[in-house]
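Below: the structure, in structure tokens.
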Amino acid sequence: MFSFFKKNSQSINDLSWLGVDIHSHLLPGIDDGAPDLATSMRLIEGLTQLGIKSFYCTPHILKELYPNTRETINNSLQLISDKLEDEKLGVEIYAAAEYMIDDGFIITDELLCLKDKYLLIEMSYLAETPNIDQIIFNLQIKGYVVILAHPERYNFYHLNLDRYQRLKELGCLFQLNLLSVTGYYGKEVKKIASYLLKNNLYDLAGTDLHHDKHLSVLKDKVRNGELYKAIGSYPFKNKKMFGNM
């Protein structure tokens with residue numbers, strides 16, 4: 001079992017060790033992330049100052065609230081890509097999606113993925129999606145590699161830790177929200193994140209950045225060295241899996 005709790009003599013106050021942010025809501029005007037182009041640019045500039053130069057934007061696809069499509073996402077991506085090129089920030093930016101697995105989710109051959117067929121999914125925070133095991137299996141039959149976003153935030157698993165083990169046995173990858181280890185989402189989420197880290201159950205990490213408050217807290221925890229001391233030595237696979245986009 002990997003232990004990330006070893007004392008680290010280094011004091012690293014950026015996120016260059018992460019390499020690629022695979023989960024963010026930076027595209028302008030299409031979900032509960034950046035509402036406009038100016039905000040998108042401000043958030044991206046803030047993250048580049050923390051050492052991240054490569055991003056996968058993953059807007060929600062949620063039928064009732066954010067009925068995004070490949071077209072709406074790519075149009076928004078083009079808007080921010082053109083602006084970034086004009087500003088010459090030297091940023092690599094791509095788009096996929098964060099799919100809510102609910103009654104409106106339909107498995108097709110055309111789902112918006114990260115590199116190759118890595119698919120980011122989420123569930124409601126209120127209750128486990130019925131038949132989630134079967135849905136993951138059905139996605140795998142289609143060739144998708146399923147990444148479950150922020151498993152530490154699903155309260156219904158906090159008293160049923162065996163479900164995490166079961167999802168891993170099914171071949172589901174886990175993505176940590178960086179702010180979870182800071183206590184931003186509450187003590188219980190931080191506790192479960194620590195459990196998943198101790199048991200080496202995470203594969204990837206992301207900012208899940210939505211707004212200026214997220215950025216402000218992240219900056220504070222990165223620049224004071226707290227975040228690196230907590231998880232900087234954990235073997236996240238962001239660079240290995242998505243470093244050559």
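Order determines the names: the first chain of the structure tokens is A, the second B, and so forth; residues in each chain are numbered 1 upward, and ligands are numbered 1 upward as they are shown.
The residues of range 162-220 of chain A that DSSP classifies as strand (DSSP E or B), using the backbone of this structure, are A:Leu173, A:Phe174, A:Gln175, A:Leu176, A:Asn177, A:Leu204, A:Ala205, A:Gly206, A:Leu209.
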Mind dumping the selected residues with C-alpha atoms as a PDB file, in the first residue's frame?
ATOM      1  CA  LEU A 173     -10.877   4.952 -12.063  1.00  0.00           C
ATOM      2  CA  PHE A 174     -11.205   7.511  -9.265  1.00  0.00           C
ATOM      3  CA  GLN A 175     -10.504  11.249  -9.568  1.00  0.00           C
ATOM      4  CA  LEU A 176      -9.794  13.323  -6.471  1.00  0.00           C
ATOM      5  CA  ASN A 177     -10.832  16.956  -6.171  1.00  0.00           C
ATOM      6  CA  LEU A 204      -6.167  10.961 -11.014  1.00  0.00           C
ATOM      7  CA  ALA A 205      -6.720  14.417  -9.560  1.00  0.00           C
ATOM      8  CA  GLY A 206      -8.306  17.612 -10.807  1.00  0.00           C
ATOM      9  CA  LEU A 209     -12.583  24.611 -10.620  1.00  0.00           C
TER      10      LEU A 209
END
Just list the residues in range 21-134 of chain A DSSP gives helix (DSSP H, G or I) on the backbone, as a VMD selection string. chain A and resid 37 to 49 70 to 87 132 to 134
For N, CA and C atoms, I'd like the residues from the last selection saved as an mmCIF file, in the first residue's frame.
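The new file out03.cif reads:
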data_model
loop_
_atom_site.group_PDB
_atom_site.id
_atom_site.type_symbol
_atom_site.label_atom_id
_atom_site.label_comp_id
_atom_site.auth_asym_id
_atom_site.auth_seq_id
_atom_site.Cartn_x
_atom_site.Cartn_y
_atom_site.Cartn_z
ATOM 1 N N LEU A 37 -16.590 34.927 -20.940
ATOM 2 C CA LEU A 37 -15.219 34.787 -21.432
ATOM 3 C C LEU A 37 -14.214 35.454 -20.498
ATOM 4 N N ALA A 38 -14.557 36.601 -19.962
ATOM 5 C CA ALA A 38 -13.638 37.312 -19.074
ATOM 6 C C ALA A 38 -13.329 36.476 -17.833
ATOM 7 N N THR A 39 -14.358 35.828 -17.284
ATOM 8 C CA THR A 39 -14.139 34.978 -16.115
ATOM 9 C C THR A 39 -13.292 33.762 -16.480
ATOM 10 N N SER A 40 -13.579 33.172 -17.629
ATOM 11 C CA SER A 40 -12.772 32.044 -18.089
ATOM 12 C C SER A 40 -11.299 32.411 -18.150
ATOM 13 N N MET A 41 -11.014 33.546 -18.727
ATOM 14 C CA MET A 41 -9.623 33.973 -18.857
ATOM 15 C C MET A 41 -8.996 34.220 -17.485
ATOM 16 N N ARG A 42 -9.738 34.832 -16.593
ATOM 17 C CA ARG A 42 -9.202 35.108 -15.261
ATOM 18 C C ARG A 42 -8.878 33.810 -14.511
ATOM 19 N N LEU A 43 -9.759 32.829 -14.612
ATOM 20 C CA LEU A 43 -9.527 31.561 -13.937
ATOM 21 C C LEU A 43 -8.346 30.814 -14.546
ATOM 22 N N ILE A 44 -8.275 30.813 -15.864
ATOM 23 C CA ILE A 44 -7.166 30.119 -16.528
ATOM 24 C C ILE A 44 -5.841 30.797 -16.215
ATOM 25 N N GLU A 45 -5.826 32.116 -16.245
ATOM 26 C CA GLU A 45 -4.599 32.835 -15.900
ATOM 27 C C GLU A 45 -4.169 32.520 -14.467
ATOM 28 N N GLY A 46 -5.151 32.420 -13.563
ATOM 29 C CA GLY A 46 -4.836 32.091 -12.182
ATOM 30 C C GLY A 46 -4.232 30.705 -12.042
ATOM 31 N N LEU A 47 -4.754 29.750 -12.802
ATOM 32 C CA LEU A 47 -4.224 28.394 -12.747
ATOM 33 C C LEU A 47 -2.846 28.298 -13.387
ATOM 34 N N THR A 48 -2.622 29.064 -14.453
ATOM 35 C CA THR A 48 -1.289 29.048 -15.066
ATOM 36 C C THR A 48 -0.254 29.617 -14.103
ATOM 37 N N GLN A 49 -0.644 30.581 -13.300
ATOM 38 C CA GLN A 49 0.267 31.134 -12.293
ATOM 39 C C GLN A 49 0.627 30.099 -11.234
ATOM 40 N N ARG A 70 -22.169 18.183 -28.069
ATOM 41 C CA ARG A 70 -20.845 18.347 -28.664
ATOM 42 C C ARG A 70 -20.710 19.738 -29.295
ATOM 43 N N GLU A 71 -21.777 20.214 -29.907
ATOM 44 C CA GLU A 71 -21.730 21.512 -30.579
ATOM 45 C C GLU A 71 -21.586 22.662 -29.576
ATOM 46 N N THR A 72 -22.405 22.679 -28.526
ATOM 47 C CA THR A 72 -22.313 23.787 -27.561
ATOM 48 C C THR A 72 -20.953 23.803 -26.872
ATOM 49 N N ILE A 73 -20.434 22.618 -26.567
ATOM 50 C CA ILE A 73 -19.135 22.538 -25.888
ATOM 51 C C ILE A 73 -18.010 22.965 -26.820
ATOM 52 N N ASN A 74 -18.034 22.483 -28.044
ATOM 53 C CA ASN A 74 -16.960 22.848 -28.978
ATOM 54 C C ASN A 74 -17.009 24.327 -29.361
ATOM 55 N N ASN A 75 -18.210 24.891 -29.443
ATOM 56 C CA ASN A 75 -18.318 26.323 -29.735
ATOM 57 C C ASN A 75 -17.712 27.152 -28.613
ATOM 58 N N SER A 76 -17.983 26.756 -27.377
ATOM 59 C CA SER A 76 -17.424 27.464 -26.232
ATOM 60 C C SER A 76 -15.910 27.281 -26.163
ATOM 61 N N LEU A 77 -15.456 26.071 -26.474
ATOM 62 C CA LEU A 77 -14.011 25.809 -26.509
ATOM 63 C C LEU A 77 -13.323 26.685 -27.547
ATOM 64 N N GLN A 78 -13.930 26.834 -28.711
ATOM 65 C CA GLN A 78 -13.335 27.647 -29.762
ATOM 66 C C GLN A 78 -13.227 29.105 -29.326
ATOM 67 N N LEU A 79 -14.239 29.567 -28.619
ATOM 68 C CA LEU A 79 -14.251 30.951 -28.148
ATOM 69 C C LEU A 79 -13.066 31.216 -27.216
ATOM 70 N N ILE A 80 -12.859 30.345 -26.259
ATOM 71 C CA ILE A 80 -11.768 30.557 -25.308
ATOM 72 C C ILE A 80 -10.421 30.253 -25.952
ATOM 73 N N SER A 81 -10.368 29.294 -26.860
ATOM 74 C CA SER A 81 -9.112 28.976 -27.550
ATOM 75 C C SER A 81 -8.619 30.159 -28.369
ATOM 76 N N ASP A 82 -9.535 30.825 -29.063
ATOM 77 C CA ASP A 82 -9.162 32.000 -29.859
ATOM 78 C C ASP A 82 -8.623 33.111 -28.960
ATOM 79 N N LYS A 83 -9.264 33.304 -27.826
ATOM 80 C CA LYS A 83 -8.827 34.351 -26.898
ATOM 81 C C LYS A 83 -7.462 34.017 -26.310
ATOM 82 N N LEU A 84 -7.250 32.768 -25.957
ATOM 83 C CA LEU A 84 -5.957 32.351 -25.412
ATOM 84 C C LEU A 84 -4.844 32.515 -26.441
ATOM 85 N N GLU A 85 -5.161 32.233 -27.688
ATOM 86 C CA GLU A 85 -4.165 32.413 -28.749
ATOM 87 C C GLU A 85 -3.814 33.885 -28.914
ATOM 88 N N ASP A 86 -4.831 34.731 -28.846
ATOM 89 C CA ASP A 86 -4.585 36.176 -28.946
ATOM 90 C C ASP A 86 -3.694 36.662 -27.803
ATOM 91 N N GLU A 87 -3.927 36.118 -26.609
ATOM 92 C CA GLU A 87 -3.179 36.547 -25.426
ATOM 93 C C GLU A 87 -1.823 35.863 -25.303
ATOM 94 N N ILE A 132 -25.732 1.415 -11.114
ATOM 95 C CA ILE A 132 -24.491 2.033 -11.555
ATOM 96 C C ILE A 132 -23.458 0.990 -11.976
ATOM 97 N N ASP A 133 -23.443 -0.167 -11.308
ATOM 98 C CA ASP A 133 -22.493 -1.221 -11.685
ATOM 99 C C ASP A 133 -22.749 -1.675 -13.119
ATOM 100 N N GLN A 134 -24.010 -1.856 -13.447
ATOM 101 C CA GLN A 134 -24.361 -2.303 -14.795
ATOM 102 C C GLN A 134 -24.049 -1.236 -15.826
#
Just the number, please: distance in Å from CA of Val222 in chain A to CA of Gly19 in chain A, one decimal.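 Taking CA of Val222 in chain A as the start and CA of Gly19 in chain A as the end point, the length is 14.1 Å.
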Counting only C-alpha atoms, which of A:Leu114, A:Ala96, A:Leu50, A:Leu170 gets nearest to Gln140 in chain A?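 With only C-alpha atoms as the atom set, the closest residue is A:Leu170.
For the set A:Val146, A:Ile30, A:Leu120, A:Leu89, the residue with the smallest atom-to-atom gap to Ile52 in chain A is A:Leu89, counting only C-alpha atoms.
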Interatomic distance, CA of Asp102 in chain A to CA of Asn131 in chain A (Å, one decimal):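 Those two atoms sit 10.1 Å apart.
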